Each structure stands twice: as C-alpha cells, then as structure tokens.
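Data first, discussion second: the structure below is written as structure tokens.
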Amino acid sequence: MKSGQTIAKSDAKKPKLWQKASYVNLIRYVPSGVYFLRIRVRGKLIRKSLKTDVLSVAKLRLTDEEKKYRHLPDNTKFVELVQIIQNAGGRFSHDCADLVRFLAYGGFRLGEAGNITWADCDFKKEEIVVRGDSDEGTKNSEVRRAPMIAEMRQLLERLRETHHEDMPATRVMRVSECQKAMDAGVKKVGVSHLTHHDLRHLFATRCIESGVDIPTVSRWLGHKDGGGLAMKVYGHLRNQHSTSMAKLVSFEPINVVPLRRTKL
C-alpha cells in the first residue's frame, strides 16, 4: 500500500453523528434517526432523547420538553436585563441591548430581525414587514406584517432619530446577534439562561397575558397552521387568562338605586 493512500485513509472524515433539524433546539442522532432536545441552561448543555424518529412527533414532544427548561423573565427582570446589557461598557453594548428589545417587542426570529430595513417600518399603519431567512432553515419564509406595539414604536423612533443618516434600505439593527451579552446579563439579573429564540417566546407570552387571542398571536409570529402550534405552546396561558376573565362575568342583578322623583 502506498504511503499516500495510508495518509488519505487516516485523514478521512468521520461520519457525522448529529444533524441539526429545521427547528431550534432540535437535533437528530444520525445512526438511529432518533430526535433529541438540545438546549443550554445556565451554561450547561442538556441533550435529551425525544424517543421518536418521526419529525412531526419530535416537534410536538420538543415543545413539551422545552417548557420544563424555559423560565422567561418578568417585566421587571427584563428591563433590568436590558439595562445591564446596555451599560456593560462594550463597543456594541447599546446595539446589543437594542437587539434584545427588538426581538422581544416584535417576536421575530433572529434571521428575520436581521433582514428588517427602515423601508419595512410603516409608522402610519404601525406595522413592520417581516421576511423569512432561508439560511436559518425557516419554513415560513413568506412575507408577513407584525404589529408595531407602543414599546417598539418608541424604540424605532429613538433609533431613527439617532441614525437619521440611514437610508430606507439600511438594516434597522446594527448587530446580528447578542448571545454573549445576554449570557453575561442573565447571570447578574439572576434569571434562567436566555436565547434569541426565547425572546420570541417572551413576545408571545406577553401578548397572550395582555389578552390577545391565540390565532392573532400565531399570525403575528408567522405560523401557518391556524394557531395549532401556538395553542400547544401557550394554551396554558390562555386558560389562566380565561379563568381570571370568567370572574368578571355574572348573571346576578346589578344593584340599581332608583332616582327619587321630585314633584313639580
């Protein structure tokens, strides 16, 4: 056997054992085809079998497993986190803080947020045009319109005033990711590990807690299943909201104090 052939064999690439799926936190073990949850919590990498090699089943089980590890910050903790990121003193600290706000206020995927330009921000209709990112493996790459909530409008107006020289085709966000900034921030705030995708969940959670119906939230997120996935992920929030709202409903007669008639 020639020496060149020996070297070629020793340098041959080993087959990949793990394959990324088209969903965040979902991977596939190639030898068996079984899907696994892969998530990092407080710096610790967790890998757990979903006990299926069927993608549609794995997707549903992934949602259930993610709930066990996802602990989103409340409003107070979120504001504190953003301020810590903004005041970290790094070159891009302010830009990273703005990206955290942008993702949380809009419910965008990270790739979608990076595609949004000033021309996509319609201040009159209070909407933002969102385009999918094929590089992310995003299935729903169709154009959709997301609402410009009050906090989002304030953020965009501030950025537009600060970067008034930007052209309509300029991207709104100045950084493409902020994971390291978030990792450092959550340690100081004392909340669970937070990812870019968790900010999308935070948006949906706040919307539903504020009384927005699930089909509407699903449409804002760009889901094409009529709200089925959103119902599975956030249905428990709707139930809690429904319970509190039900307390306002009553068939008891309202106490009415009759007005006294005065003689003319």
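Residue numbering restarts at 1 in every chain; chains get A, B, ... in the order shown in the structure tokens, and ligands count up from 1 in that same order.
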Which residues of segment 66-167 of chain A sit at most 8 Å from segment 197-213 of chain A, using only C-alpha atoms? Give each one's shortest atom pair and distance in Å (one decimal place), in chain and ascending residue order, as JSON lines.
```
{"residue": "A:Arg70", "atom": "CA", "partner": "A:Asp198", "partner_atom": "CA", "distance": 7.8}
{"residue": "A:Leu72", "atom": "CA", "partner": "A:Leu202", "partner_atom": "CA", "distance": 6.5}
{"residue": "A:Val100", "atom": "CA", "partner": "A:Leu199", "partner_atom": "CA", "distance": 7.4}
{"residue": "A:Leu103", "atom": "CA", "partner": "A:Leu199", "partner_atom": "CA", "distance": 5.8}
{"residue": "A:Ala104", "atom": "CA", "partner": "A:Leu199", "partner_atom": "CA", "distance": 4.7}
{"residue": "A:Tyr105", "atom": "CA", "partner": "A:Phe203", "partner_atom": "CA", "distance": 6.0}
{"residue": "A:Gly106", "atom": "CA", "partner": "A:Phe203", "partner_atom": "CA", "distance": 6.7}
{"residue": "A:Gly107", "atom": "CA", "partner": "A:Arg200", "partner_atom": "CA", "distance": 4.1}
{"residue": "A:Phe108", "atom": "CA", "partner": "A:Arg200", "partner_atom": "CA", "distance": 5.9}
{"residue": "A:Arg109", "atom": "CA", "partner": "A:His197", "partner_atom": "CA", "distance": 6.4}
{"residue": "A:Leu110", "atom": "CA", "partner": "A:His197", "partner_atom": "CA", "distance": 7.2}
```
Write the residues of the preceding selection, restricted to N, CA and C atoms, as a PDB file, in the first residue's frame.
```
ATOM      1  N   ARG A  70     -37.612  26.325  30.105  1.00  0.00           N
ATOM      2  CA  ARG A  70     -37.750  27.736  29.768  1.00  0.00           C
ATOM      3  C   ARG A  70     -38.406  28.501  30.908  1.00  0.00           C
ATOM      4  N   LEU A  72     -38.995  32.355  31.504  1.00  0.00           N
ATOM      5  CA  LEU A  72     -38.854  33.690  30.947  1.00  0.00           C
ATOM      6  C   LEU A  72     -38.874  34.747  32.038  1.00  0.00           C
ATOM      7  N   VAL A 100     -31.990  43.043  21.760  1.00  0.00           N
ATOM      8  CA  VAL A 100     -32.818  42.317  22.729  1.00  0.00           C
ATOM      9  C   VAL A 100     -34.219  42.905  22.759  1.00  0.00           C
ATOM     10  N   LEU A 103     -36.142  42.068  19.371  1.00  0.00           N
ATOM     11  CA  LEU A 103     -36.627  40.693  19.304  1.00  0.00           C
ATOM     12  C   LEU A 103     -37.817  40.476  20.229  1.00  0.00           C
ATOM     13  N   ALA A 104     -37.728  41.037  21.418  1.00  0.00           N
ATOM     14  CA  ALA A 104     -38.796  40.847  22.403  1.00  0.00           C
ATOM     15  C   ALA A 104     -40.057  41.620  22.040  1.00  0.00           C
ATOM     16  N   TYR A 105     -39.909  42.812  21.493  1.00  0.00           N
ATOM     17  CA  TYR A 105     -41.063  43.643  21.149  1.00  0.00           C
ATOM     18  C   TYR A 105     -41.739  43.202  19.852  1.00  0.00           C
ATOM     19  N   GLY A 106     -41.012  42.418  19.008  1.00  0.00           N
ATOM     20  CA  GLY A 106     -41.567  42.049  17.713  1.00  0.00           C
ATOM     21  C   GLY A 106     -41.839  40.570  17.530  1.00  0.00           C
ATOM     22  N   GLY A 107     -41.236  39.726  18.378  1.00  0.00           N
ATOM     23  CA  GLY A 107     -41.433  38.291  18.234  1.00  0.00           C
ATOM     24  C   GLY A 107     -40.758  37.715  17.006  1.00  0.00           C
ATOM     25  N   PHE A 108     -39.691  38.384  16.527  1.00  0.00           N
ATOM     26  CA  PHE A 108     -39.015  37.940  15.316  1.00  0.00           C
ATOM     27  C   PHE A 108     -38.057  36.792  15.603  1.00  0.00           C
ATOM     28  N   ARG A 109     -37.829  35.974  14.583  1.00  0.00           N
ATOM     29  CA  ARG A 109     -36.690  35.072  14.604  1.00  0.00           C
ATOM     30  C   ARG A 109     -35.445  35.927  14.382  1.00  0.00           C
ATOM     31  N   LEU A 110     -34.298  35.413  14.806  1.00  0.00           N
ATOM     32  CA  LEU A 110     -33.076  36.209  14.706  1.00  0.00           C
ATOM     33  C   LEU A 110     -32.768  36.578  13.261  1.00  0.00           C
TER      34      LEU A 110
END
```
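Around segment 27-30 of chain A, within 12 Å and counting only C-alpha atoms, the residues found are Pro15, Lys16, Leu17, Trp18, Gln19, Lys20, Ala21, Phe36, Leu37, Arg38, Ile39, Ile46, Arg47, Lys48, Ser49, Leu50, Lys51, Thr52, Asp53, Val54, Leu55, Ala58, Lys59 and Leu62 of chain A, once anything fewer than 6 positions away on its own chain is removed.
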Writer output for current selection, C-alpha atoms, as a compact mmCIF listing (two decimals), in the first residue's frame:
```txt
# COMPACT_ATOMS: atom_id res chain seq x y z
CA PRO A 15 -19.28 10.32 9.69
CA LYS A 16 -21.37 12.94 11.47
CA LEU A 17 -23.29 11.54 14.40
CA TRP A 18 -25.52 14.57 14.96
CA GLN A 19 -27.56 16.54 12.46
CA LYS A 20 -29.32 19.85 13.00
CA ALA A 21 -33.04 19.83 12.36
CA PHE A 36 -33.15 14.83 20.65
CA LEU A 37 -33.74 18.07 22.52
CA ARG A 38 -30.52 20.07 22.71
CA ILE A 39 -30.67 23.09 24.96
CA ILE A 46 -28.62 19.33 28.05
CA ARG A 47 -29.32 16.64 25.47
CA LYS A 48 -32.44 14.50 25.92
CA SER A 49 -33.97 11.86 23.69
CA LEU A 50 -37.47 12.54 22.37
CA LYS A 51 -37.85 8.80 21.69
CA THR A 52 -39.05 9.12 18.11
CA ASP A 53 -37.59 9.22 14.62
CA VAL A 54 -40.67 10.95 13.19
CA LEU A 55 -40.14 14.70 12.78
CA ALA A 58 -40.49 15.09 17.68
CA LYS A 59 -41.70 18.65 17.10
CA LEU A 62 -39.87 19.16 21.79
```
| Residues flagged alpha helix (DSSP H) by DSSP in segment 17-218 of chain A, as a PyMOL selection string | chain A and resi 55-69+75-86+93-106+110-115+150-162+179-189+196-209+214-218
Please provide the set of residues having any atom within 12 Å of Glu126 of chain A, restricted to only C-alpha atoms, with same-chain residues fewer than 4 positions apart removed, written as a CSV table (one decimal) with C-alpha atoms, in the first residue's frame.
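Output below, filename out39.csv:
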```
chain,number,residue,atom,x,y,z
A,106,GLY,CA,-41.6,42.0,17.7
A,120,ASP,CA,-40.1,47.8,6.2
A,121,CYS,CA,-41.2,50.0,9.2
A,122,ASP,CA,-44.6,51.5,8.4
A,145,ARG,CA,-46.7,42.0,8.9
A,146,ALA,CA,-46.0,42.3,12.6
A,147,PRO,CA,-47.6,44.9,14.9
A,148,MET,CA,-45.6,47.9,16.0
A,149,ILE,CA,-46.5,47.9,19.7
A,150,ALA,CA,-46.0,51.0,21.7
A,151,GLU,CA,-42.6,50.0,23.1
A,152,MET,CA,-41.5,49.0,19.6
A,153,ARG,CA,-42.5,52.4,18.1
A,154,GLN,CA,-40.6,54.2,20.9
A,156,LEU,CA,-37.7,52.7,16.4
A,157,GLU,CA,-38.3,56.4,16.8
```
| message | Taking only C-alpha atoms into account, name the residue in A:Arg171, A:Arg101, A:Lys68, A:Arg131 that is nearest to Ala119 of chain A. | response | A:Arg171
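The spacing separating atom CA of Gly90 of chain A from atom CA of Ala184 of chain A amounts to 11.8 Å.
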